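Source file: structure_12.pdb; contents: PDB, C-alpha atoms and all ligand atoms.
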```pdb
MODEL        1
ATOM      1  CA  MET A  43       0.000   0.000   0.000  1.00  0.00           C
ATOM      2  CA  PRO A  44       1.409   3.436  -0.913  1.00  0.00           C
ATOM      3  CA  ASP A  45       2.341   5.781   1.883  1.00  0.00           C
ATOM      4  CA  ARG A  46      -0.817   7.736   2.763  1.00  0.00           C
ATOM      5  CA  SER A  47       1.235  10.533   4.273  1.00  0.00           C
ATOM      6  CA  ARG A  48       2.631  11.421   0.870  1.00  0.00           C
ATOM      7  CA  CYS A  49       0.975  12.578  -2.328  1.00  0.00           C
ATOM      8  CA  PRO A  50       1.007   9.786  -4.941  1.00  0.00           C
ATOM      9  CA  ASN A  51       1.412  12.399  -7.658  1.00  0.00           C
ATOM     10  CA  CYS A  52       4.132  14.768  -6.433  1.00  0.00           C
ATOM     11  CA  ARG A  53       5.362  12.867  -3.333  1.00  0.00           C
ATOM     12  CA  GLU A  54       4.961  15.915  -1.109  1.00  0.00           C
ATOM     13  CA  PRO A  55       3.884  15.229   2.509  1.00  0.00           C
ATOM     14  CA  VAL A  56       0.136  15.588   2.937  1.00  0.00           C
ATOM     15  CA  SER A  57      -2.350  15.174   5.760  1.00  0.00           C
ATOM     16  CA  PRO A  58      -3.542  11.567   6.120  1.00  0.00           C
ATOM     17  CA  PHE A  59      -7.114  12.857   6.047  1.00  0.00           C
ATOM     18  CA  ALA A  60      -6.731  15.487   3.343  1.00  0.00           C
ATOM     19  CA  ALA A  61      -9.087  15.067   0.407  1.00  0.00           C
ATOM     20  CA  GLY A  62      -6.567  16.488  -2.012  1.00  0.00           C
ATOM     21  CA  CYS A  63      -2.921  17.414  -2.281  1.00  0.00           C
ATOM     22  CA  ALA A  64      -2.272  21.019  -1.270  1.00  0.00           C
ATOM     23  CA  ILE A  65       0.731  21.174  -3.591  1.00  0.00           C
ATOM     24  CA  CYS A  66      -0.484  19.747  -6.889  1.00  0.00           C
ATOM     25  CA  GLY A  67      -4.224  19.262  -6.207  1.00  0.00           C
ATOM     26  CA  ALA A  68      -4.181  15.501  -6.751  1.00  0.00           C
ATOM     27  CA  ASP A  69      -7.359  13.836  -5.525  1.00  0.00           C
ATOM     28  CA  LEU A  70      -6.065  11.780  -2.607  1.00  0.00           C
ATOM     29  CA  ASP A  71      -9.525  10.735  -1.508  1.00  0.00           C
ATOM     30  CA  THR A  72     -10.324   8.688  -4.598  1.00  0.00           C
ATOM     31  CA  ALA A  73      -6.995   6.920  -4.474  1.00  0.00           C
ATOM     32  CA  ARG A  74      -7.690   5.852  -0.898  1.00  0.00           C
ATOM     33  CA  TRP A  75     -11.261   4.760  -1.404  1.00  0.00           C
ATOM     34  CA  ASP A  76     -10.233   2.532  -4.271  1.00  0.00           C
ATOM     35  CA  LYS A  77      -8.339   0.484  -1.706  1.00  0.00           C
ATOM     36  CA  GLY A  78     -11.508  -0.063   0.322  1.00  0.00           C
ATOM     37  CA  PRO A  79     -10.851   1.603   3.685  1.00  0.00           C
ATOM     38  CA  GLY A  80     -13.162   0.947   6.609  1.00  0.00           C
ATOM     39  CA  ILE A  81     -16.132   3.108   7.471  1.00  0.00           C
ATOM     40  CA  GLY A  82     -14.061   4.907  10.089  1.00  0.00           C
ATOM     41  CA  ASN A  83     -11.555   5.977   7.501  1.00  0.00           C
ATOM     42  CA  ARG A  84     -14.350   7.051   5.186  1.00  0.00           C
ATOM     43  CA  ILE A  85     -15.923   9.227   7.881  1.00  0.00           C
ATOM     44  CA  ALA A  86     -12.558  10.670   8.889  1.00  0.00           C
ATOM     45  CA  SER A  87     -11.723  11.347   5.289  1.00  0.00           C
ATOM     46  CA  TRP A  88     -15.123  12.962   4.782  1.00  0.00           C
ATOM     47  CA  PHE A  89     -14.624  15.324   7.701  1.00  0.00           C
ATOM     48  CA  GLY A  90     -11.051  15.924   6.625  1.00  0.00           C
ATOM     49  CA  ALA A  91     -12.299  16.875   3.193  1.00  0.00           C
ATOM     50  CA  LEU A  92     -14.737  19.341   4.738  1.00  0.00           C
ATOM     51  CA  SER A  93     -12.068  21.104   6.727  1.00  0.00           C
ATOM     52  CA  SER A  94      -9.252  21.003   4.208  1.00  0.00           C
ATOM     53  CA  GLY A  95     -11.168  22.673   1.390  1.00  0.00           C
ATOM     54  CA  PRO A  96     -10.211  20.732  -1.741  1.00  0.00           C
ATOM     55  CA  THR A  97      -9.441  22.892  -4.748  1.00  0.00           C
ATOM     56  CA  LYS A  98     -11.331  20.659  -7.140  1.00  0.00           C
ATOM     57  CA  GLY A  99     -13.757  17.791  -7.126  1.00  0.00           C
ATOM     58  CA  GLY A 100     -17.312  17.436  -5.870  1.00  0.00           C
ATOM     59  CA  MET A 101     -16.740  18.287  -2.218  1.00  0.00           C
ATOM     60  CA  THR A 102     -16.839  22.064  -2.557  1.00  0.00           C
ATOM     61  CA  PRO A 103     -20.618  22.339  -1.982  1.00  0.00           C
ATOM     62  CA  TRP A 104     -20.200  20.387   1.247  1.00  0.00           C
ATOM     63  CA  VAL A 105     -17.519  22.784   2.389  1.00  0.00           C
ATOM     64  CA  ILE A 106     -19.936  25.659   1.848  1.00  0.00           C
ATOM     65  CA  VAL A 107     -22.686  23.819   3.725  1.00  0.00           C
ATOM     66  CA  PHE A 108     -20.257  23.072   6.531  1.00  0.00           C
ATOM     67  CA  LEU A 109     -19.245  26.718   6.815  1.00  0.00           C
ATOM     68  CA  ILE A 110     -22.871  27.874   6.798  1.00  0.00           C
ATOM     69  CA  PHE A 111     -23.943  25.470   9.530  1.00  0.00           C
ATOM     70  CA  PHE A 112     -20.829  25.389  11.674  1.00  0.00           C
ATOM     71  CA  GLY A 113     -18.897  28.501  10.735  1.00  0.00           C
ATOM     72  CA  THR A 114     -21.022  30.822  12.843  1.00  0.00           C
ATOM     73  CA  GLY A 115     -20.873  28.392  15.761  1.00  0.00           C
ATOM     74  CA  ILE A 116     -17.095  28.236  15.582  1.00  0.00           C
ATOM     75  CA  VAL A 117     -16.852  32.019  15.467  1.00  0.00           C
ATOM     76  CA  SER A 118     -19.217  32.347  18.415  1.00  0.00           C
ATOM     77  CA  THR A 119     -17.180  29.828  20.388  1.00  0.00           C
ATOM     78  CA  LEU A 120     -13.960  31.658  19.676  1.00  0.00           C
ATOM     79  CA  LEU A 121     -15.518  34.970  20.673  1.00  0.00           C
ATOM     80  CA  ALA A 122     -16.818  33.406  23.883  1.00  0.00           C
ATOM     81  CA  LEU A 123     -13.374  32.067  24.673  1.00  0.00           C
ATOM     82  CA  PHE A 124     -11.379  35.184  23.971  1.00  0.00           C
ATOM     83  CA  LEU A 125     -13.744  38.021  24.849  1.00  0.00           C
TER
HETATM   84 ZN    ZN B   1       0.686  16.402  -4.837  1.00  0.00          ZN
ENDMDL
END
```
Translate the structure described by the file into structure tokens.
Amino acid sequence: MPDRSRCPNCREPVSPFAAGCAICGADLDTARWDKGPGIGNRIASWFGALSSGPTKGGMTPWVIVFLIFFGTGIVSTLLALFL
């Protein structure tokens, strides 16, 4: 199995849960899912994709949804913590 901590395209180090390579934009998610990871990995990868903001692919709408639903909550939490 290829090293998940490195991009299969450009070999740069990437987050294990990143949906795509931050350097070259390679879709890391598809490469992983083709190997049949468990449901835990799928969920982790899904959340990782939400937070990492892939530059291409079909996850962008989910990032927007995530920001709409959770972005304000995160901001409120930070304000509560630091104000
Ligand atoms: Zn890459």
Between atom CA of Ile116 of chain A and atom CA of Ala60 of chain A, what distance in Å does the model show, to one decimal?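 Spanning atom CA of Ile116 of chain A to atom CA of Ala60 of chain A is a straight-line distance of 20.5 Å.
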Could you list the protein, DNA and RNA residues that have any atom within 7 Å of ligand ZN 1 (chain B), counting only C-alpha atoms and all ligand atoms, and write them as a list in words? Cys49, Pro50, Asn51, Cys52, Arg53, Glu54, Cys63, Ala64, Ile65, Cys66, Gly67 and Ala68 of chain A
Could the residues in this selection be written to a file with C-alpha atoms, as a compact mmCIF listing (two decimals), keeping the file's coordinate frame?
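Contents of the output file part34.txt:
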```txt
# COMPACT_ATOMS: atom_id res chain seq x y z
CA CYS A 49 0.98 12.58 -2.33
CA PRO A 50 1.01 9.79 -4.94
CA ASN A 51 1.41 12.40 -7.66
CA CYS A 52 4.13 14.77 -6.43
CA ARG A 53 5.36 12.87 -3.33
CA GLU A 54 4.96 15.92 -1.11
CA CYS A 63 -2.92 17.41 -2.28
CA ALA A 64 -2.27 21.02 -1.27
CA ILE A 65 0.73 21.17 -3.59
CA CYS A 66 -0.48 19.75 -6.89
CA GLY A 67 -4.22 19.26 -6.21
CA ALA A 68 -4.18 15.50 -6.75
```
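Atom to atom, atom CA of Ser47 of chain A and atom CA of Leu70 of chain A stand 10.1 Å apart.
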For atom CA of Ile106 of chain A and atom CA of Ala86 of chain A, the interatomic separation in Å (one decimal):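 Answer for the atom CA of Ile106 of chain A to atom CA of Ala86 of chain A separation: 18.1 Å.
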